[in-house]
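Heads up, run.json below (JSON, C-alpha atoms):
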[["chain", "number", "residue", "atom", "x", "y", "z"],
["A", 230, "MET", "CA", -198.00, -19.22, -2.71],
["A", 231, "ALA", "CA", -196.99, -16.99, -5.60],
["A", 232, "ASP", "CA", -193.32, -16.24, -6.15],
["A", 233, "LEU", "CA", -193.99, -12.81, -7.54],
["A", 234, "LEU", "CA", -196.40, -9.89, -7.35],
["A", 235, "VAL", "CA", -196.53, -7.92, -10.61],
["A", 236, "ILE", "CA", -197.71, -4.30, -10.37],
["A", 237, "ILE", "CA", -198.66, -2.45, -13.56],
["A", 238, "VAL", "CA", -199.60, 1.22, -13.49],
["A", 239, "SER", "CA", -201.57, 2.15, -16.60],
["A", 240, "TYR", "CA", -202.72, 5.44, -18.10],
["A", 241, "ASN", "CA", -204.59, 5.52, -21.42],
["A", 242, "VAL", "CA", -202.62, 2.79, -23.18],
["A", 243, "ALA", "CA", -205.31, 0.10, -23.47],
["A", 244, "PRO", "CA", -203.95, -1.70, -26.58],
["A", 245, "LEU", "CA", -200.45, -1.86, -25.09],
["A", 246, "LEU", "CA", -201.83, -2.96, -21.72],
["A", 247, "ARG", "CA", -203.63, -5.83, -23.44],
["A", 248, "GLY", "CA", -200.41, -6.93, -25.17],
["A", 249, "CYS", "CA", -198.43, -6.66, -21.96],
["A", 250, "LEU", "CA", -200.93, -8.76, -20.00],
["A", 251, "GLN", "CA", -201.14, -11.34, -22.79],
["A", 252, "SER", "CA", -197.37, -11.75, -22.75],
["A", 253, "LEU", "CA", -197.39, -11.83, -18.95],
["A", 254, "PHE", "CA", -199.93, -14.64, -18.78],
["A", 255, "ALA", "CA", -197.93, -16.62, -21.35],
["A", 256, "SER", "CA", -195.08, -16.76, -18.83],
["A", 257, "GLU", "CA", -193.67, -20.13, -17.91],
["A", 258, "GLY", "CA", -192.10, -21.61, -14.80],
["A", 259, "VAL", "CA", -193.17, -19.06, -12.18],
["A", 260, "ARG", "CA", -196.21, -18.41, -10.01],
["A", 261, "PHE", "CA", -197.38, -14.80, -9.90],
["A", 262, "GLU", "CA", -200.18, -12.44, -8.99],
["A", 263, "VAL", "CA", -201.02, -9.32, -11.01],
["A", 264, "VAL", "CA", -202.35, -5.96, -9.87],
["A", 265, "VAL", "CA", -203.22, -3.27, -12.41],
["A", 266, "VAL", "CA", -203.53, 0.23, -11.00],
["A", 267, "ASP", "CA", -205.38, 2.36, -13.53],
["A", 268, "ASN", "CA", -204.65, 6.08, -13.17],
["A", 269, "CYS", "CA", -208.04, 7.41, -14.28],
["A", 270, "SER", "CA", -207.74, 6.32, -17.91],
["A", 271, "THR", "CA", -210.45, 7.44, -20.34],
["A", 272, "ASP", "CA", -209.74, 4.84, -23.03],
["A", 273, "GLY", "CA", -211.49, 1.82, -21.50],
["A", 274, "SER", "CA", -208.37, 0.36, -19.87],
["A", 275, "ALA", "CA", -210.17, -0.59, -16.67],
["A", 276, "ARG", "CA", -213.02, -2.23, -18.57],
["A", 277, "LEU", "CA", -210.50, -4.15, -20.67],
["A", 278, "VAL", "CA", -208.89, -5.59, -17.54],
["A", 279, "ARG", "CA", -212.25, -6.54, -16.01],
["A", 280, "ASP", "CA", -213.56, -8.17, -19.18],
["A", 281, "GLU", "CA", -210.46, -9.88, -20.57],
["A", 282, "PHE", "CA", -208.29, -10.57, -17.53],
["A", 283, "PRO", "CA", -210.65, -11.41, -14.64],
["A", 284, "SER", "CA", -207.85, -12.91, -12.51],
["A", 285, "VAL", "CA", -206.11, -9.54, -12.35],
["A", 286, "GLN", "CA", -206.77, -7.42, -9.30],
["A", 287, "LEU", "CA", -207.84, -3.99, -10.56],
["A", 288, "ILE", "CA", -207.44, -0.76, -8.61],
["A", 289, "GLU", "CA", -209.20, 2.19, -10.27],
["A", 290, "ASN", "CA", -207.92, 5.61, -9.27],
["A", 291, "PRO", "CA", -210.38, 8.50, -9.50],
["A", 292, "VAL", "CA", -207.46, 10.78, -10.44],
["A", 293, "ASN", "CA", -204.06, 10.41, -12.09],
["A", 294, "CYS", "CA", -201.94, 10.38, -8.94],
["A", 295, "GLY", "CA", -198.65, 9.62, -10.67],
["A", 296, "PHE", "CA", -196.44, 6.55, -10.99],
["A", 297, "ALA", "CA", -195.04, 6.40, -7.46],
["A", 298, "ALA", "CA", -198.34, 6.99, -5.67],
["A", 299, "ALA", "CA", -200.16, 4.48, -7.87],
["A", 300, "ASN", "CA", -197.57, 1.77, -7.26],
["A", 301, "ASN", "CA", -197.76, 2.51, -3.56],
["A", 302, "LEU", "CA", -201.46, 1.64, -3.50],
["A", 303, "ALA", "CA", -200.53, -1.92, -4.43],
["A", 304, "LEU", "CA", -197.36, -1.95, -2.32],
["A", 305, "ARG", "CA", -199.27, -0.94, 0.84],
["A", 306, "ALA", "CA", -201.66, -3.82, 0.34],
["A", 307, "TYR", "CA", -198.69, -6.12, -0.20],
["A", 308, "LEU", "CA", -196.97, -5.03, 3.02],
["A", 309, "ALA", "CA", -200.23, -5.26, 4.96],
["A", 310, "ARG", "CA", -200.36, -9.01, 4.33],
["A", 311, "PRO", "CA", -198.72, -11.36, 6.83],
["A", 312, "ALA", "CA", -195.12, -11.98, 5.82],
["A", 313, "SER", "CA", -195.83, -15.68, 5.33],
["A", 314, "GLU", "CA", -198.50, -14.85, 2.74],
["A", 315, "ARG", "CA", -196.52, -12.42, 0.61],
["A", 316, "PRO", "CA", -194.78, -13.32, -2.66],
["A", 317, "ARG", "CA", -191.01, -13.16, -2.25],
["A", 318, "TYR", "CA", -190.56, -10.57, -4.99],
["A", 319, "VAL", "CA", -192.37, -7.55, -6.41],
["A", 320, "LEU", "CA", -192.06, -6.51, -10.05],
["A", 321, "LEU", "CA", -192.82, -2.97, -11.17],
["A", 322, "LEU", "CA", -193.76, -3.38, -14.83],
["A", 323, "ASN", "CA", -194.80, -0.81, -17.43],
["A", 324, "PRO", "CA", -197.83, -1.59, -19.61],
["A", 325, "ASP", "CA", -195.80, -0.76, -22.72],
["A", 326, "THR", "CA", -193.58, -3.82, -22.31],
["A", 327, "VAL", "CA", -193.78, -7.26, -23.91],
["A", 328, "LEU", "CA", -192.17, -10.18, -22.09],
["A", 329, "PRO", "CA", -190.76, -13.40, -23.53],
["A", 330, "PRO", "CA", -192.23, -16.51, -21.86],
["A", 331, "THR", "CA", -189.18, -17.23, -19.70],
["A", 332, "ALA", "CA", -188.45, -13.65, -18.59],
["A", 333, "LEU", "CA", -190.11, -13.82, -15.19],
["A", 334, "ALA", "CA", -188.76, -17.26, -14.30],
["A", 335, "THR", "CA", -185.22, -16.32, -15.32],
["A", 336, "MET", "CA", -185.26, -13.08, -13.35],
["A", 337, "VAL", "CA", -186.72, -14.77, -10.25],
["A", 338, "ALA", "CA", -184.06, -17.49, -10.49],
["A", 339, "TYR", "CA", -181.42, -14.76, -10.76],
["A", 340, "LEU", "CA", -182.49, -13.17, -7.48],
["A", 341, "ASP", "CA", -182.78, -16.60, -5.88],
["A", 342, "ALA", "CA", -179.15, -17.24, -6.82],
["A", 343, "HIS", "CA", -177.96, -13.82, -5.62],
["A", 344, "PRO", "CA", -179.31, -13.17, -2.11],
["A", 345, "GLU", "CA", -177.28, -9.98, -1.82],
["A", 346, "VAL", "CA", -179.22, -8.37, -4.68],
["A", 347, "GLY", "CA", -182.16, -6.22, -3.63],
["A", 348, "ALA", "CA", -183.28, -5.24, -7.13],
["A", 349, "ALA", "CA", -182.54, -6.28, -10.70],
["A", 350, "GLY", "CA", -183.60, -5.40, -14.19],
["A", 351, "PRO", "CA", -183.20, -6.96, -17.66],
["A", 352, "LYS", "CA", -181.99, -5.56, -20.94],
["A", 353, "LEU", "CA", -184.77, -3.43, -22.43],
["A", 354, "VAL", "CA", -184.87, -2.86, -26.18],
["A", 355, "LEU", "CA", -186.96, -0.36, -28.08],
["A", 356, "ALA", "CA", -189.25, -1.17, -30.98],
["A", 357, "ASP", "CA", -186.46, -0.48, -33.47],
["A", 358, "GLY", "CA", -184.15, -2.95, -31.73],
["A", 359, "THR", "CA", -181.87, -0.41, -30.07],
["A", 360, "LEU", "CA", -181.05, -0.52, -26.40],
["A", 361, "ASP", "CA", -183.27, 1.48, -24.04],
["A", 362, "LEU", "CA", -180.47, 3.43, -22.40],
["A", 363, "ALA", "CA", -182.43, 3.92, -19.17],
["A", 364, "CYS", "CA", -182.31, 0.22, -18.28],
["A", 365, "ARG", "CA", -178.96, 0.69, -16.49],
["A", 366, "ARG", "CA", -177.96, 3.98, -14.94],
["A", 367, "SER", "CA", -175.72, 5.81, -12.53],
["A", 368, "PHE", "CA", -177.03, 8.16, -9.90],
["A", 369, "PRO", "CA", -177.07, 11.80, -11.12],
["A", 370, "THR", "CA", -174.28, 13.05, -8.90],
["A", 371, "PRO", "CA", -173.24, 16.65, -9.57],
["A", 372, "ALA", "CA", -170.59, 15.55, -12.07],
["A", 373, "VAL", "CA", -172.77, 12.96, -13.81],
["A", 374, "ALA", "CA", -175.71, 15.37, -14.03],
["A", 375, "PHE", "CA", -173.46, 18.16, -15.33],
["A", 376, "TYR", "CA", -172.02, 15.99, -18.12],
["A", 377, "ARG", "CA", -175.56, 14.96, -19.07],
["A", 378, "LEU", "CA", -177.01, 18.47, -19.03],
["A", 379, "ILE", "CA", -174.28, 20.03, -21.19],
["A", 380, "GLY", "CA", -174.31, 17.16, -23.68],
["A", 381, "LEU", "CA", -170.92, 15.57, -23.03],
["A", 382, "SER", "CA", -172.55, 12.20, -22.28],
["A", 383, "ALA", "CA", -174.09, 12.23, -25.77],
["A", 384, "LEU", "CA", -170.91, 13.45, -27.47],
["A", 385, "PHE", "CA", -168.63, 10.91, -25.79],
["A", 386, "PRO", "CA", -170.76, 7.85, -24.98],
["A", 387, "ARG", "CA", -167.73, 5.52, -24.79],
["A", 388, "SER", "CA", -165.98, 7.66, -22.19],
["A", 389, "ARG", "CA", -165.86, 6.25, -18.67],
["A", 390, "ARG", "CA", -165.98, 9.80, -17.36],
["A", 391, "PHE", "CA", -168.67, 11.33, -19.57],
["A", 392, "GLY", "CA", -170.76, 8.21, -20.31],
["A", 393, "ARG", "CA", -171.66, 7.36, -16.75],
["A", 394, "TYR", "CA", -175.28, 8.54, -16.84],
["A", 395, "ASN", "CA", -176.43, 5.55, -18.92],
["A", 396, "LEU", "CA", -173.20, 3.54, -18.66],
["A", 397, "THR", "CA", -172.85, 3.74, -22.43],
["A", 398, "TYR", "CA", -169.19, 2.72, -22.23],
["A", 399, "LEU", "CA", -170.21, -0.80, -21.09],
["A", 400, "ASP", "CA", -171.13, -3.70, -23.33],
["A", 401, "PRO", "CA", -174.95, -3.97, -23.18],
["A", 402, "ASP", "CA", -174.61, -7.76, -22.95],
["A", 403, "CYS", "CA", -172.45, -7.58, -19.83],
["A", 404, "GLU", "CA", -174.06, -8.38, -16.49],
["A", 405, "THR", "CA", -173.02, -5.69, -14.07],
["A", 406, "GLU", "CA", -173.61, -3.93, -10.78],
["A", 407, "VAL", "CA", -175.34, -0.60, -11.43],
["A", 408, "ASP", "CA", -176.66, 2.27, -9.38],
["A", 409, "SER", "CA", -180.18, 1.78, -10.69],
["A", 410, "VAL", "CA", -182.35, -0.11, -13.12],
["A", 411, "VAL", "CA", -185.53, 1.42, -14.53],
["A", 412, "GLY", "CA", -189.06, 1.21, -13.15],
["A", 413, "ALA", "CA", -190.34, -0.11, -16.49],
["A", 414, "PHE", "CA", -189.10, -3.53, -15.26],
["A", 415, "MET", "CA", -187.75, -3.40, -11.73],
["A", 416, "LEU", "CA", -187.75, -6.66, -9.78],
["A", 417, "VAL", "CA", -187.36, -6.02, -6.05],
["A", 418, "ARG", "CA", -186.90, -8.40, -3.13],
["A", 419, "GLY", "CA", -189.81, -8.28, -0.69],
["A", 420, "VAL", "CA", -187.65, -8.15, 2.43],
["A", 421, "ALA", "CA", -185.78, -5.21, 0.91],
["A", 422, "ILE", "CA", -189.06, -3.33, 0.45],
["A", 423, "GLU", "CA", -189.83, -3.92, 4.13],
["A", 424, "GLN", "CA", -186.54, -2.22, 5.00],
["A", 425, "VAL", "CA", -186.53, 0.76, 2.63],
["A", 426, "GLY", "CA", -190.26, 1.48, 2.53],
["A", 427, "LEU", "CA", -192.50, 2.68, -0.26],
["A", 428, "LEU", "CA", -191.71, 4.79, -3.31],
["A", 429, "ASP", "CA", -191.36, 8.51, -2.60],
["A", 430, "GLU", "CA", -194.57, 10.14, -3.83],
["A", 431, "ALA", "CA", -192.86, 13.51, -4.19],
["A", 432, "PHE", "CA", -191.74, 12.09, -7.55],
["A", 433, "PHE", "CA", -194.70, 12.12, -9.95],
["A", 434, "MET", "CA", -193.47, 10.17, -12.95],
["A", 435, "TYR", "CA", -189.67, 10.20, -13.07],
["A", 436, "GLY", "CA", -186.93, 9.64, -10.51],
["A", 437, "GLU", "CA", -188.82, 7.41, -8.09],
["A", 438, "ASP", "CA", -186.96, 4.33, -9.33],
["A", 439, "LEU", "CA", -183.59, 6.07, -8.92],
["A", 440, "ASP", "CA", -184.59, 7.15, -5.43],
["A", 441, "TRP", "CA", -185.71, 3.63, -4.49],
["A", 442, "ALA", "CA", -182.42, 2.18, -5.77],
["A", 443, "TYR", "CA", -180.46, 4.80, -3.84],
["A", 444, "ARG", "CA", -182.25, 3.82, -0.64],
["A", 445, "LEU", "CA", -181.74, 0.12, -1.36],
["A", 446, "LYS", "CA", -178.00, 0.70, -1.71],
["A", 447, "ALA", "CA", -177.98, 2.76, 1.49],
["A", 448, "HIS", "CA", -179.36, -0.33, 3.26],
["A", 449, "GLY", "CA", -176.56, -2.49, 1.86],
["A", 450, "TRP", "CA", -178.41, -4.13, -1.04],
["A", 451, "HIS", "CA", -176.91, -4.58, -4.50],
["A", 452, "VAL", "CA", -178.65, -3.56, -7.73],
["A", 453, "ARG", "CA", -177.88, -5.55, -10.88],
["A", 454, "TYR", "CA", -178.43, -5.35, -14.60],
["A", 455, "ASN", "CA", -179.06, -8.82, -16.05],
["A", 456, "PRO", "CA", -178.95, -8.91, -19.88],
["A", 457, "ALA", "CA", -179.66, -12.65, -19.94],
["A", 458, "VAL", "CA", -183.29, -11.48, -20.23],
["A", 459, "THR", "CA", -184.42, -9.13, -22.99],
["A", 460, "VAL", "CA", -187.76, -7.31, -22.79],
["A", 461, "LEU", "CA", -189.37, -5.19, -25.51],
["A", 462, "HIS", "CA", -190.24, -1.65, -24.38],
["A", 463, "TYR", "CA", -192.55, 0.60, -26.41],
["A", 464, "LYS", "CA", -191.18, 3.51, -24.49],
["A", 465, "GLY", "CA", -192.98, 6.71, -23.50],
["A", 466, "GLN", "CA", -196.48, 5.88, -24.72],
["A", 467, "SER", "CA", -198.20, 7.39, -21.68],
["A", 468, "SER", "CA", -195.84, 10.34, -21.40],
["A", 469, "ARG", "CA", -196.37, 11.34, -25.04],
["A", 470, "GLN", "CA", -199.95, 12.26, -24.22],
["A", 471, "SER", "CA", -198.69, 15.43, -22.48],
["A", 472, "ARG", "CA", -195.11, 16.04, -23.52],
["A", 473, "ALA", "CA", -194.88, 19.54, -22.11],
["A", 474, "ARG", "CA", -195.76, 18.23, -18.66],
["A", 475, "THR", "CA", -193.55, 15.15, -18.89],
["A", 476, "THR", "CA", -190.58, 17.28, -19.91],
["A", 477, "ALA", "CA", -191.18, 19.53, -16.91],
["A", 478, "GLU", "CA", -191.55, 16.49, -14.64],
["A", 479, "PHE", "CA", -188.28, 15.03, -15.89],
["A", 480, "TYR", "CA", -186.32, 18.08, -14.78],
["A", 481, "ARG", "CA", -188.35, 18.52, -11.61],
["A", 482, "ALA", "CA", -187.44, 14.93, -10.66],
["A", 483, "MET", "CA", -183.77, 15.59, -11.36],
["A", 484, "GLU", "CA", -183.84, 18.64, -9.10],
["A", 485, "LEU", "CA", -185.77, 16.80, -6.39],
["A", 486, "PHE", "CA", -183.34, 13.88, -6.42],
["A", 487, "TYR", "CA", -180.35, 16.21, -6.17],
["A", 488, "ARG", "CA", -181.87, 18.17, -3.28],
["A", 489, "LYS", "CA", -182.83, 15.01, -1.42],
["A", 490, "HIS", "CA", -179.56, 13.08, -1.69],
["A", 491, "PHE", "CA", -176.70, 15.46, -2.54],
["A", 492, "ALA", "CA", -177.41, 19.09, -1.71],
["A", 493, "ARG", "CA", -176.79, 18.90, 2.04],
["A", 494, "SER", "CA", -173.28, 17.52, 1.57],
["A", 495, "ARG", "CA", -172.22, 19.97, -1.16],
["A", 496, "PRO", "CA", -171.04, 23.58, -0.93],
["A", 497, "ALA", "CA", -173.63, 26.23, -1.68],
["A", 498, "VAL", "CA", -171.77, 27.29, -4.83],
["A", 499, "VAL", "CA", -171.92, 23.73, -6.23],
["A", 500, "ASN", "CA", -175.64, 23.49, -5.40],
["A", 501, "GLY", "CA", -176.23, 26.80, -7.14],
["A", 502, "LEU", "CA", -174.40, 25.69, -10.27],
["A", 503, "VAL", "CA", -176.13, 22.29, -10.49],
["A", 504, "LEU", "CA", -179.64, 23.54, -9.73],
["A", 505, "GLY", "CA", -179.15, 26.54, -11.99],
["A", 506, "ALA", "CA", -178.08, 24.27, -14.86],
["A", 507, "ILE", "CA", -181.12, 22.03, -14.38],
["A", 508, "ARG", "CA", -183.47, 25.00, -14.41],
["A", 509, "LEU", "CA", -181.78, 26.57, -17.41],
["A", 510, "VAL", "CA", -182.03, 23.41, -19.51],
["A", 511, "ARG", "CA", -185.63, 23.00, -18.37],
["A", 512, "LEU", "CA", -186.46, 26.52, -19.56],
["A", 513, "LEU", "CA", -184.66, 26.00, -22.87],
["A", 514, "THR", "CA", -186.50, 22.74, -23.41],
["A", 515, "ALA", "CA", -189.86, 24.34, -22.66],
["A", 516, "ALA", "CA", -189.08, 27.18, -25.06],
["A", 517, "SER", "CA", -188.05, 24.73, -27.76],
["A", 518, "TRP", "CA", -191.46, 23.08, -27.64],
["A", 519, "ARG", "CA", -193.07, 26.30, -28.79],
["A", 520, "LEU", "CA", -190.78, 26.37, -31.81],
["A", 521, "ALA", "CA", -190.21, 22.68, -32.65],
["A", 522, "PRO", "CA", -191.83, 20.05, -30.41],
["A", 523, "SER", "CA", -189.18, 17.42, -31.18],
["A", 524, "ALA", "CA", -186.18, 19.59, -30.28],
["A", 525, "LEU", "CA", -184.17, 19.40, -27.08],
["A", 526, "LEU", "CA", -186.32, 16.59, -25.70],
["A", 527, "PRO", "CA", -184.61, 14.79, -22.80],
["A", 528, "GLN", "CA", -183.07, 11.50, -23.84],
["A", 529, "SER", "CA", -185.36, 9.53, -21.53],
["A", 530, "LEU", "CA", -188.41, 11.06, -23.26],
["A", 531, "ALA", "CA", -187.27, 10.96, -26.87],
["A", 532, "PRO", "CA", -187.04, 7.83, -29.03],
["A", 533, "GLU", "CA", -183.57, 6.77, -27.97],
["A", 534, "ARG", "CA", -180.83, 6.06, -30.46],
["A", 535, "GLN", "CA", -177.30, 4.93, -29.92],
["A", 536, "ARG", "CA", -174.17, 5.14, -31.96],
["A", 537, "PRO", "CA", -174.19, 2.55, -34.78],
["A", 538, "GLY", "CA", -171.74, 0.34, -32.92],
["A", 539, "TRP", "CA", -174.20, -0.12, -30.06],
["A", 540, "ARG", "CA", -177.18, -1.20, -32.12],
["A", 541, "GLN", "CA", -178.77, -4.43, -30.90],
["A", 542, "ALA", "CA", -180.83, -7.03, -32.69],
["A", 543, "GLY", "CA", -184.56, -6.86, -32.01]]
Take the structure in the file and write it out as structure tokens.
Amino acid sequence: MADLLVIIVSYNVAPLLRGCLQSLFASEGVRFEVVVVDNCSTDGSARLVRDEFPSVQLIENPVNCGFAAANNLALRAYLARPASERPRYVLLLNPDTVLPPTALATMVAYLDAHPEVGAAGPKLVLADGTLDLACRRSFPTPAVAFYRLIGLSALFPRSRRFGRYNLTYLDPDCETEVDSVVGAFMLVRGVAIEQVGLLDEAFFMYGEDLDWAYRLKAHGWHVRYNPAVTVLHYKGQSSRQSRARTTAEFYRAMELFYRKHFARSRPAVVNGLVLGAIRLVRLLTAASWRLAPSALLPQSLAPERQRPGWRQAG
């Protein structure tokens, strides 16, 4: 019986997918199964998996159905198996990641030692050695989203008030309870998935991990950031293929998350201000692409940088 089911959703990143799978199969000390869900790639990704990694279960989508829906194809098959035949944990893993040999075993051991934790993620670092800020996040409550949208989180990253979006006031080497980890490496307990259900397919490519973490917490599970494991993340390689759409999807996901989890409990005037701010920044970002494609890109889409004092070794 495998300890872990690894699900990788891939879209036109064949070289990175190869590197990810090579690092995955060099893992030590853990038994795992791998499913690759290919979202209608045109770069030979599916053929690569069939030819070079025959032990991988391959699901070929005839269309690009998005991150949540693609993961759900594998998750439905997982939940359809008898409970006694399922791996204890499920890992959502991006194809633009590279894992050290002990990453899986260490993360599985972490969840084994913390039965109250429903999901956990490691420290993710970008190719230049800086921290991927998305690897530990707070939920975008009205205040948190407002500080992010108007730029206060970037201006005052060490502030406990303004730096909550990516918890930039915390030491990146400090294990901590967080609202959410990122779907690029999100290890989830199987029994927790039974309780909270599948990813919400209303989210196309952003926000589904935040939503899943929110639902996990609503069911009493903890979510933890575990920097004892460091994973390399070549971030945004799929999304760069259509930046105008990915920018739009980023803000659409933010609006969807707010409507789903916060709008009903807030006054209409607050909802109007928050949703208006999201739409305004979305329009400004779209307009900026026509003038300078690198301007006003959301932090989760752009190559992320931190203040010099936060730089990490690669």
**Pick from A:Arg310, A:Arg444, A:Lys352, A:Arg495 nearest to Pro401 (chain A), counting only C-alpha atoms** =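 Result for the nearest residue to Pro401 (chain A): A:Lys352.
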Determine, using all atoms listed in the file, which residues of region 404-489 of chain A have any atom at most 8 Å from an atom of region 367-376 of chain A, and tabulate each with its shortest atom pair and distance in Å to one decimal place, rows ordered by chain and then rising number, as JSON lines.
{"residue": "A:Val407", "atom": "CA", "partner": "A:Ser367", "partner_atom": "CA", "distance": 6.5}
{"residue": "A:Asp408", "atom": "CA", "partner": "A:Ser367", "partner_atom": "CA", "distance": 4.8}
{"residue": "A:Ser409", "atom": "CA", "partner": "A:Ser367", "partner_atom": "CA", "distance": 6.3}
{"residue": "A:Leu439", "atom": "CA", "partner": "A:Phe368", "partner_atom": "CA", "distance": 7.0}
{"residue": "A:Tyr443", "atom": "CA", "partner": "A:Phe368", "partner_atom": "CA", "distance": 7.7}
{"residue": "A:Met483", "atom": "CA", "partner": "A:Pro369", "partner_atom": "CA", "distance": 7.7}
{"residue": "A:Tyr487", "atom": "CA", "partner": "A:Thr370", "partner_atom": "CA", "distance": 7.4}
**Prompt:** What is the CA of Ala309 (chain A)-CA of Val420 (chain A) distance in Å, reported with one decimal?
**Reply:**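 Computed distance, CA of Ala309 (chain A) to CA of Val420 (chain A), equals 13.2 Å.
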**Item:** All residues 8 Å or closer to Val235 (chain A), all atoms listed in the file, same chain fewer than 3 positions away omitted, as a list in words
**Value:** Phe261, Glu262, Val263, Val264, Val319, Leu320, Leu321 and Leu322 of chain A
**Prompt:** Can you tell me how far CA of Gly295 (chain A) sits from CA of Ser252 (chain A), in Å to one decimal?
**Reply:**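 Result for CA of Gly295 (chain A) versus CA of Ser252 (chain A): 24.6 Å, one decimal.
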**Asked** CA of Glu257 (chain A) and CA of Ala334 (chain A) are how many Å apart?
**Response** 6.7 Å
Give me, as a Markdown table, the closest atom pair and its distance (Å, one decimal) for every residue of region 291-350 of chain A within a cut-off of 10 Å of region 446-459 of chain A, counting all atoms listed in the file, rows sorted by chain and rising number.
| residue | atom | partner | partner_atom | distance |
| --- | --- | --- | --- | --- |
| A:Val327 | CA | A:Thr459 | CA | 9.6 |
| A:Leu328 | CA | A:Thr459 | CA | 7.9 |
| A:Pro329 | CA | A:Thr459 | CA | 7.7 |
| A:Thr331 | CA | A:Val458 | CA | 8.2 |
| A:Ala332 | CA | A:Val458 | CA | 5.8 |
| A:Leu333 | CA | A:Val458 | CA | 8.8 |
| A:Ala334 | CA | A:Val458 | CA | 9.9 |
| A:Thr335 | CA | A:Val458 | CA | 7.2 |
| A:Met336 | CA | A:Val458 | CA | 7.3 |
| A:Tyr339 | CA | A:Asn455 | CA | 8.3 |
| A:Leu340 | CA | A:Arg453 | CA | 9.5 |
| A:His343 | CA | A:His451 | CA | 9.4 |
| A:Pro344 | CA | A:Trp450 | CA | 9.1 |
| A:Glu345 | CA | A:Trp450 | CA | 6.0 |
| A:Val346 | CA | A:His451 | CA | 4.4 |
| A:Gly347 | CA | A:Trp450 | CA | 5.0 |
| A:Ala348 | CA | A:Val452 | CA | 5.0 |
| A:Ala349 | CA | A:Arg453 | CA | 4.7 |
| A:Gly350 | CA | A:Tyr454 | CA | 5.2 |
**Item:** Counting only C-alpha atoms, the residue of A:Tyr480, A:Ser494, A:Lys489, A:Asp357 that sits nearest Leu513 (chain A)
**Value:**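 Looking at the shortest contact to Leu513 (chain A), the residue is A:Tyr480.
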**Item:** Minimum-distance residue to Ile237 (chain A), chosen among A:Val337, A:Val460, A:Ala413, A:Val259 (using all atoms listed in the file)
**Value:**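 Nearest to Ile237 (chain A): A:Ala413.
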Around (-207.2, 0.0, -30.2) in the file's frame, which residues reach within 12 Å when counting all atoms listed in the file? Return as a PDB file with C-alpha atoms, keeping the file's coordinate frame?
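What follows is the written file part.pdb:
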ATOM      1  CA  ASN A 241    -204.590   5.520 -21.420  1.00  0.00           C
ATOM      2  CA  VAL A 242    -202.620   2.790 -23.180  1.00  0.00           C
ATOM      3  CA  ALA A 243    -205.310   0.100 -23.470  1.00  0.00           C
ATOM      4  CA  PRO A 244    -203.950  -1.700 -26.580  1.00  0.00           C
ATOM      5  CA  LEU A 245    -200.450  -1.860 -25.090  1.00  0.00           C
ATOM      6  CA  LEU A 246    -201.830  -2.960 -21.720  1.00  0.00           C
ATOM      7  CA  ARG A 247    -203.630  -5.830 -23.440  1.00  0.00           C
ATOM      8  CA  GLY A 248    -200.410  -6.930 -25.170  1.00  0.00           C
ATOM      9  CA  ASP A 272    -209.740   4.840 -23.030  1.00  0.00           C
ATOM     10  CA  GLY A 273    -211.490   1.820 -21.500  1.00  0.00           C
ATOM     11  CA  SER A 274    -208.370   0.360 -19.870  1.00  0.00           C
ATOM     12  CA  LEU A 277    -210.500  -4.150 -20.670  1.00  0.00           C
TER      13      LEU A 277
END
**Asked** Of the residues A:Ala421, A:Leu378, A:Ile288, A:Leu399, which is the one nearest to Thr514 (chain A), using all atoms listed in the file?
**Response** A:Leu378
**Item:** Minimum-distance residue to Glu423 (chain A), chosen among A:Cys403, A:Leu308, A:Leu381, A:Ala515 (using only C-alpha atoms)
**Value:** A:Leu308
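Nearest to Arg377 (chain A) of all the residues A:Ala497, A:Ala275, A:Ala231, A:Leu396 is A:Leu396, counting all atoms listed in the file.
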Box along x, y and z, 5 Å on every side, all listed atoms of region 487-493 of chain A inside: centre and edge lengths in Å to one decimal, as JSON.
{"center_x": -179.8, "center_y": 16.1, "center_z": -2.1, "size_x": 16.1, "size_y": 16.0, "size_z": 18.2}
**Message:** Give me the residues near Tyr463 (chain A) as a ChimeraX atom specification, where near means some atom within 8 Å (using only C-alpha atoms) and where sequence neighbours in that chain fewer than 5 positions away do not count.
**Reply:** /A:325-326,355-356
**Request:** Excluding Glu314 (chain A) and residues on its chain fewer than 6 positions from it, collect all residues at most 12 Å away from it, counting all atoms listed in the file, and give them as a list in words.
**Result:**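 Counting only the stated atoms, we get Met230, Ala231, Asp232, Leu233, Leu234, Ala306, Tyr307, Leu308 and Gly419 of chain A.
For Phe432 (chain A), the list of residues within 7 Å, based on only C-alpha atoms and with local chain neighbours fewer than 4 positions off taken out, reads Ala297, Gly436, Glu437 and Ala482 of chain A.
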Based on the selection just made, write C-alpha atoms of those residues as an mmCIF file, in the coordinates of the input.
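What follows is the written file again36.cif:
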data_model
loop_
_atom_site.group_PDB
_atom_site.id
_atom_site.type_symbol
_atom_site.label_atom_id
_atom_site.label_comp_id
_atom_site.auth_asym_id
_atom_site.auth_seq_id
_atom_site.Cartn_x
_atom_site.Cartn_y
_atom_site.Cartn_z
ATOM 1 C CA ALA A 297 -195.040 6.400 -7.460
ATOM 2 C CA GLY A 436 -186.930 9.640 -10.510
ATOM 3 C CA GLU A 437 -188.820 7.410 -8.090
ATOM 4 C CA ALA A 482 -187.440 14.930 -10.660
#
